[in-house]
Structures are given as structure tokens and as C-alpha cells.
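K.L.:
For reference, the file final-v8.cif (mmCIF, N, CA and C atoms and all ligand atoms) is included below:
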data_structure
#
loop_
_atom_site.group_PDB
_atom_site.id
_atom_site.type_symbol
_atom_site.label_atom_id
_atom_site.label_comp_id
_atom_site.auth_asym_id
_atom_site.auth_seq_id
_atom_site.Cartn_x
_atom_site.Cartn_y
_atom_site.Cartn_z
ATOM 1 N N MET A 1 2.750 -20.736 1.443
ATOM 2 C CA MET A 1 1.753 -20.805 2.507
ATOM 3 C C MET A 1 0.421 -21.258 1.926
ATOM 4 N N LYS A 2 -0.129 -22.215 2.560
ATOM 5 C CA LYS A 2 -1.398 -22.761 2.059
ATOM 6 C C LYS A 2 -2.514 -22.291 2.972
ATOM 7 N N HIS A 3 -3.362 -21.477 2.458
ATOM 8 C CA HIS A 3 -4.484 -21.080 3.293
ATOM 9 C C HIS A 3 -5.785 -21.502 2.644
ATOM 10 N N SER A 4 -6.595 -22.099 3.433
ATOM 11 C CA SER A 4 -7.843 -22.603 2.881
ATOM 12 C C SER A 4 -8.940 -21.570 3.073
ATOM 13 N N ILE A 5 -9.906 -21.650 2.237
ATOM 14 C CA ILE A 5 -11.041 -20.749 2.342
ATOM 15 C C ILE A 5 -11.846 -21.109 3.590
ATOM 16 N N THR A 6 -11.977 -20.157 4.453
ATOM 17 C CA THR A 6 -12.767 -20.397 5.660
ATOM 18 C C THR A 6 -14.234 -20.520 5.280
ATOM 19 N N CYS A 7 -14.793 -21.594 5.668
ATOM 20 C CA CYS A 7 -16.168 -21.828 5.232
ATOM 21 C C CYS A 7 -17.153 -21.161 6.164
ATOM 22 N N LYS A 8 -17.243 -19.893 5.977
ATOM 23 C CA LYS A 8 -18.256 -19.134 6.679
ATOM 24 C C LYS A 8 -19.460 -19.150 5.742
ATOM 25 N N TYR A 9 -20.140 -20.254 5.742
ATOM 26 C CA TYR A 9 -21.233 -20.432 4.797
ATOM 27 C C TYR A 9 -22.325 -19.419 5.024
ATOM 28 N N LYS A 10 -22.700 -18.783 4.010
ATOM 29 C CA LYS A 10 -23.866 -17.929 4.106
ATOM 30 C C LYS A 10 -25.077 -18.774 3.772
ATOM 31 N N GLU A 11 -25.075 -19.295 2.627
ATOM 32 C CA GLU A 11 -26.181 -20.121 2.177
ATOM 33 C C GLU A 11 -25.721 -20.805 0.902
ATOM 34 N N VAL A 12 -26.346 -21.845 0.597
ATOM 35 C CA VAL A 12 -26.049 -22.484 -0.682
ATOM 36 C C VAL A 12 -26.783 -21.715 -1.765
ATOM 37 N N VAL A 13 -26.033 -21.224 -2.678
ATOM 38 C CA VAL A 13 -26.675 -20.417 -3.717
ATOM 39 C C VAL A 13 -26.905 -21.266 -4.966
ATOM 40 N N GLN A 14 -28.081 -21.193 -5.448
ATOM 41 C CA GLN A 14 -28.407 -21.910 -6.674
ATOM 42 C C GLN A 14 -28.261 -20.940 -7.833
ATOM 43 N N LEU A 15 -27.346 -21.203 -8.682
ATOM 44 C CA LEU A 15 -27.143 -20.334 -9.825
ATOM 45 C C LEU A 15 -27.813 -20.966 -11.044
ATOM 46 N N LYS A 16 -28.753 -20.253 -11.589
ATOM 47 C CA LYS A 16 -29.557 -20.853 -12.660
ATOM 48 C C LYS A 16 -28.747 -21.154 -13.909
ATOM 49 N N GLU A 17 -28.052 -20.142 -14.368
ATOM 50 C CA GLU A 17 -27.355 -20.306 -15.634
ATOM 51 C C GLU A 17 -25.969 -20.897 -15.435
ATOM 52 N N ASN A 18 -25.422 -20.629 -14.276
ATOM 53 C CA ASN A 18 -24.043 -21.038 -14.080
ATOM 54 C C ASN A 18 -23.920 -22.505 -13.700
ATOM 55 N N LYS A 19 -23.048 -23.151 -14.388
ATOM 56 C CA LYS A 19 -22.700 -24.513 -14.017
ATOM 57 C C LYS A 19 -21.208 -24.547 -13.794
ATOM 58 N N CYS A 20 -20.805 -25.405 -12.901
ATOM 59 C CA CYS A 20 -19.384 -25.553 -12.676
ATOM 60 C C CYS A 20 -18.708 -26.008 -13.966
ATOM 61 N N PRO A 21 -17.652 -25.306 -14.379
ATOM 62 C CA PRO A 21 -16.978 -25.693 -15.625
ATOM 63 C C PRO A 21 -16.273 -27.043 -15.524
ATOM 64 N N LYS A 22 -16.019 -27.479 -14.326
ATOM 65 C CA LYS A 22 -15.288 -28.742 -14.173
ATOM 66 C C LYS A 22 -16.213 -29.942 -14.100
ATOM 67 N N CYS A 23 -17.246 -29.830 -13.261
ATOM 68 C CA CYS A 23 -18.052 -31.028 -13.010
ATOM 69 C C CYS A 23 -19.523 -30.832 -13.358
ATOM 70 N N ASN A 24 -19.870 -29.649 -13.909
ATOM 71 C CA ASN A 24 -21.267 -29.349 -14.235
ATOM 72 C C ASN A 24 -22.179 -29.288 -13.014
ATOM 73 N N GLY A 25 -21.589 -29.181 -11.844
ATOM 74 C CA GLY A 25 -22.391 -29.060 -10.628
ATOM 75 C C GLY A 25 -23.153 -27.751 -10.618
ATOM 76 N N VAL A 26 -24.259 -27.733 -9.934
ATOM 77 C CA VAL A 26 -25.077 -26.523 -9.890
ATOM 78 C C VAL A 26 -25.270 -26.005 -8.468
ATOM 79 N N GLU A 27 -24.616 -26.622 -7.503
ATOM 80 C CA GLU A 27 -24.729 -26.136 -6.135
ATOM 81 C C GLU A 27 -23.449 -25.403 -5.752
ATOM 82 N N PHE A 28 -23.634 -24.190 -5.275
ATOM 83 C CA PHE A 28 -22.489 -23.371 -4.922
ATOM 84 C C PHE A 28 -22.656 -22.792 -3.532
ATOM 85 N N ALA A 29 -21.548 -22.432 -2.923
ATOM 86 C CA ALA A 29 -21.593 -21.745 -1.639
ATOM 87 C C ALA A 29 -20.605 -20.587 -1.699
ATOM 88 N N GLU A 30 -20.776 -19.674 -0.780
ATOM 89 C CA GLU A 30 -19.883 -18.525 -0.735
ATOM 90 C C GLU A 30 -19.077 -18.548 0.549
ATOM 91 N N GLY A 31 -17.841 -18.112 0.448
ATOM 92 C CA GLY A 31 -16.997 -18.039 1.632
ATOM 93 C C GLY A 31 -15.923 -17.003 1.425
ATOM 94 N N THR A 32 -15.200 -16.689 2.488
ATOM 95 C CA THR A 32 -14.116 -15.727 2.384
ATOM 96 C C THR A 32 -12.907 -16.256 3.120
ATOM 97 N N ASP A 33 -11.721 -15.823 2.717
ATOM 98 C CA ASP A 33 -10.516 -16.231 3.430
ATOM 99 C C ASP A 33 -10.053 -15.137 4.396
ATOM 100 N N PHE A 34 -10.845 -14.094 4.530
ATOM 101 C CA PHE A 34 -10.537 -12.985 5.441
ATOM 102 C C PHE A 34 -9.192 -12.332 5.147
ATOM 103 N N MET A 35 -8.795 -12.370 3.899
ATOM 104 C CA MET A 35 -7.596 -11.656 3.478
ATOM 105 C C MET A 35 -8.067 -10.479 2.639
ATOM 106 N N PRO A 36 -8.194 -9.323 3.265
ATOM 107 C CA PRO A 36 -8.803 -8.212 2.549
ATOM 108 C C PRO A 36 -7.940 -7.659 1.422
ATOM 109 N N ILE A 37 -8.591 -7.264 0.381
ATOM 110 C CA ILE A 37 -7.971 -6.513 -0.710
ATOM 111 C C ILE A 37 -7.878 -5.061 -0.263
ATOM 112 N N LYS A 38 -6.720 -4.459 -0.484
ATOM 113 C CA LYS A 38 -6.577 -3.065 -0.069
ATOM 114 C C LYS A 38 -6.266 -2.176 -1.257
ATOM 115 N N SER A 39 -6.728 -0.976 -1.124
ATOM 116 C CA SER A 39 -6.457 0.005 -2.161
ATOM 117 C C SER A 39 -4.975 0.323 -2.205
ATOM 118 N N LEU A 40 -4.441 0.527 -3.425
ATOM 119 C CA LEU A 40 -3.015 0.812 -3.558
ATOM 120 C C LEU A 40 -2.645 2.165 -2.979
ATOM 121 N N ASP A 41 -3.548 3.119 -3.061
ATOM 122 C CA ASP A 41 -3.169 4.446 -2.571
ATOM 123 C C ASP A 41 -3.589 4.726 -1.141
ATOM 124 N N LYS A 42 -4.342 3.834 -0.572
ATOM 125 C CA LYS A 42 -4.689 4.056 0.835
ATOM 126 C C LYS A 42 -4.083 2.926 1.652
ATOM 127 N N LYS A 43 -2.833 3.090 2.012
ATOM 128 C CA LYS A 43 -2.092 1.996 2.624
ATOM 129 C C LYS A 43 -2.671 1.552 3.960
ATOM 130 N N PHE A 44 -3.311 2.433 4.638
ATOM 131 C CA PHE A 44 -3.756 2.092 5.984
ATOM 132 C C PHE A 44 -5.252 1.820 6.049
ATOM 133 N N SER A 45 -5.828 1.711 4.911
ATOM 134 C CA SER A 45 -7.258 1.415 4.929
ATOM 135 C C SER A 45 -7.475 -0.039 5.335
ATOM 136 N N ILE A 46 -8.646 -0.308 5.788
ATOM 137 C CA ILE A 46 -8.952 -1.641 6.285
ATOM 138 C C ILE A 46 -9.080 -2.651 5.146
ATOM 139 N N GLY A 47 -9.563 -2.185 4.034
ATOM 140 C CA GLY A 47 -9.714 -3.081 2.901
ATOM 141 C C GLY A 47 -11.064 -3.758 2.891
ATOM 142 N N SER A 48 -11.216 -4.631 1.955
ATOM 143 C CA SER A 48 -12.506 -5.276 1.763
ATOM 144 C C SER A 48 -12.292 -6.756 1.487
ATOM 145 N N ASN A 49 -13.070 -7.574 2.138
ATOM 146 C CA ASN A 49 -12.910 -9.019 1.963
ATOM 147 C C ASN A 49 -13.276 -9.461 0.555
ATOM 148 N N LYS A 50 -12.623 -10.533 0.151
ATOM 149 C CA LYS A 50 -12.992 -11.178 -1.099
ATOM 150 C C LYS A 50 -14.040 -12.247 -0.792
ATOM 151 N N ILE A 51 -14.990 -12.340 -1.636
ATOM 152 C CA ILE A 51 -16.011 -13.384 -1.490
ATOM 153 C C ILE A 51 -15.827 -14.381 -2.630
ATOM 154 N N TYR A 52 -15.622 -15.601 -2.266
ATOM 155 C CA TYR A 52 -15.476 -16.646 -3.277
ATOM 156 C C TYR A 52 -16.785 -17.398 -3.428
ATOM 157 N N THR A 53 -17.116 -17.666 -4.643
ATOM 158 C CA THR A 53 -18.228 -18.576 -4.904
ATOM 159 C C THR A 53 -17.629 -19.843 -5.483
ATOM 160 N N PHE A 54 -17.912 -20.947 -4.831
ATOM 161 C CA PHE A 54 -17.266 -22.184 -5.260
ATOM 162 C C PHE A 54 -18.259 -23.340 -5.339
ATOM 163 N N CYS A 55 -17.912 -24.269 -6.159
ATOM 164 C CA CYS A 55 -18.728 -25.454 -6.389
ATOM 165 C C CYS A 55 -18.701 -26.350 -5.153
ATOM 166 N N LEU A 56 -19.866 -26.760 -4.708
ATOM 167 C CA LEU A 56 -19.922 -27.635 -3.532
ATOM 168 C C LEU A 56 -19.548 -29.070 -3.861
ATOM 169 N N ASN A 57 -19.492 -29.370 -5.111
ATOM 170 C CA ASN A 57 -19.167 -30.739 -5.496
ATOM 171 C C ASN A 57 -17.663 -30.956 -5.613
ATOM 172 N N CYS A 58 -16.996 -30.098 -6.395
ATOM 173 C CA CYS A 58 -15.567 -30.329 -6.627
ATOM 174 C C CYS A 58 -14.696 -29.219 -6.063
ATOM 175 N N GLY A 59 -15.294 -28.120 -5.612
ATOM 176 C CA GLY A 59 -14.509 -27.065 -4.988
ATOM 177 C C GLY A 59 -13.971 -26.022 -5.937
ATOM 178 N N GLU A 60 -14.260 -26.134 -7.207
ATOM 179 C CA GLU A 60 -13.798 -25.146 -8.181
ATOM 180 C C GLU A 60 -14.343 -23.765 -7.827
ATOM 181 N N VAL A 61 -13.453 -22.777 -7.741
ATOM 182 C CA VAL A 61 -13.913 -21.411 -7.490
ATOM 183 C C VAL A 61 -14.349 -20.808 -8.816
ATOM 184 N N ILE A 62 -15.609 -20.474 -8.905
ATOM 185 C CA ILE A 62 -16.105 -19.964 -10.185
ATOM 186 C C ILE A 62 -16.212 -18.451 -10.191
ATOM 187 N N SER A 63 -16.117 -17.826 -9.021
ATOM 188 C CA SER A 63 -16.250 -16.381 -8.992
ATOM 189 C C SER A 63 -15.559 -15.822 -7.759
ATOM 190 N N THR A 64 -14.873 -14.730 -7.938
ATOM 191 C CA THR A 64 -14.307 -14.006 -6.802
ATOM 192 C C THR A 64 -14.781 -12.579 -6.910
ATOM 193 N N ARG A 65 -15.352 -12.071 -5.846
ATOM 194 C CA ARG A 65 -15.757 -10.678 -5.907
ATOM 195 C C ARG A 65 -15.346 -9.983 -4.615
ATOM 196 N N ILE A 66 -15.413 -8.679 -4.642
ATOM 197 C CA ILE A 66 -15.022 -7.879 -3.492
ATOM 198 C C ILE A 66 -16.281 -7.496 -2.731
ATOM 199 N N GLU A 67 -16.184 -7.615 -1.423
ATOM 200 C CA GLU A 67 -17.378 -7.403 -0.601
ATOM 201 C C GLU A 67 -17.936 -5.981 -0.738
ATOM 202 N N ASN A 68 -17.068 -5.008 -0.605
ATOM 203 C CA ASN A 68 -17.540 -3.621 -0.648
ATOM 204 C C ASN A 68 -16.767 -2.814 -1.694
ATOM 205 N N PRO A 69 -17.092 -2.998 -2.950
ATOM 206 C CA PRO A 69 -16.325 -2.314 -4.001
ATOM 207 C C PRO A 69 -16.388 -0.801 -3.905
ATOM 208 N N ASN A 70 -17.426 -0.294 -3.272
ATOM 209 C CA ASN A 70 -17.538 1.164 -3.161
ATOM 210 C C ASN A 70 -16.396 1.798 -2.382
ATOM 211 N N LYS A 71 -15.758 0.988 -1.539
ATOM 212 C CA LYS A 71 -14.629 1.515 -0.765
ATOM 213 C C LYS A 71 -13.500 1.996 -1.655
ATOM 214 N N PHE A 72 -13.464 1.472 -2.874
ATOM 215 C CA PHE A 72 -12.332 1.775 -3.751
ATOM 216 C C PHE A 72 -12.615 2.954 -4.667
ATOM 217 N N ARG A 73 -13.801 3.510 -4.554
ATOM 218 C CA ARG A 73 -14.110 4.712 -5.335
ATOM 219 C C ARG A 73 -13.285 5.866 -4.813
ATOM 220 N N LYS A 74 -12.875 6.718 -5.758
ATOM 221 C CA LYS A 74 -12.094 7.861 -5.322
ATOM 222 C C LYS A 74 -12.998 9.088 -5.226
HETATM 223 ZN ZN ZN B 1 -17.612 -28.547 -9.639
#
Could I get this structure in the form of C-alpha cells?

P.N.:
Amino acid sequence: MKHSITCKYKEVVQLKENKCPKCNGVEFAEGTDFMPIKSLDKKFSIGSNKIYTFCLNCGEVISTRIENPNKFRK
């Protein structure tokens, strides 16, 4: 199954130190695919979206983070 990252653009983020490893681009955007990560022990929890940071030039995903990591605290 091929699912593309839904471009729910927040803003173009300028990362000072980070450059795209593929094309040296410096413009990035954030988006999510709305496929939440869920805790292994809480099967019925809603989960938390993944946020991808990707290069606007070549599309390389340089960072994936979880929207609300605190949800996974025990
Ligand atoms: Zn790039």
C-alpha cells in the first residue's frame, strides 16, 4: 500500500544547521500521514500522529517525530 504524506503544511521551517543530506536543500516543511503511533500496552488508546519534516526540494524525510510523546509516559 502506497500512502503519501498528506501535506497539511504548517509552515516552511528554516533549519539553520540542518541541510538535506541528499540535495543540500535548506527549506523544509512538516506534514503528517495521520497514521497514529500507538502504545503497545494501551491497545485502545487513540495514539499520536507522526510529524515528518521533509525537504521541499527533493522530498527526503529528514526527521520523524511523535506529536505528543507525553502520551506514552507510564
Ligand atoms: Zn533535499

K.L.:
Which residue, A:Asn57, A:Thr64, A:Ser39, A:Thr32, has the smallest gap to ligand ZN 1 (chain B) when you use all atoms listed in the file?

P.N.:
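Selected residue with least distance to ligand ZN 1 (chain B): A:Asn57.
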
K.L.:
Kindly provide, as a count of residues only, all nucleotide and amino acid residues lying within 6.5 Å of ligand ZN 1 (chain B), counting all atoms listed in the file.

P.N.:
12

K.L.:
Figure out the distance between CA of Lys38 in chain A and atom C of Val61 in chain A, please, to one decimal in Å.

P.N.:
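CA of Lys38 in chain A lies at a distance of 21.3 Å from atom C of Val61 in chain A.
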
K.L.:
Expanded to explicit residues, what is the PyMOL selection byres (((chain A and resi 48 and name CA) around 8) and not hetatm and name CA) for this file, as a list in words?

P.N.:
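Taken on the displayed file, the PyMOL selection byres (((chain A and resi 48 and name CA) around 8) and not hetatm and name CA) yields the residues Pro36, Ile37, Lys38, Ile46, Gly47, Asn49, Lys50, Ile66, Glu67, Asn68, Pro69 and Lys71 of chain A.
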
K.L.:
For Phe28 in chain A, which residue out of A:Ser45, A:Arg65, A:Tyr52, A:Leu40 is the nearest one, using only C-alpha atoms?

P.N.:
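The answer is A:Tyr52, which sits nearest to Phe28 in chain A.
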
K.L.:
So what do you get for atom N of Asn18 in chain A versus atom N of Ser63 in chain A, distance-wise?

P.N.:
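Rounded to one decimal, the two atoms are 11.0 Å apart.
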
K.L.:
What does the distance between atom N of Glu30 in chain A and atom C of Ile51 in chain A come to in Å, to one decimal place?

P.N.:
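It comes out at 7.5 Å.
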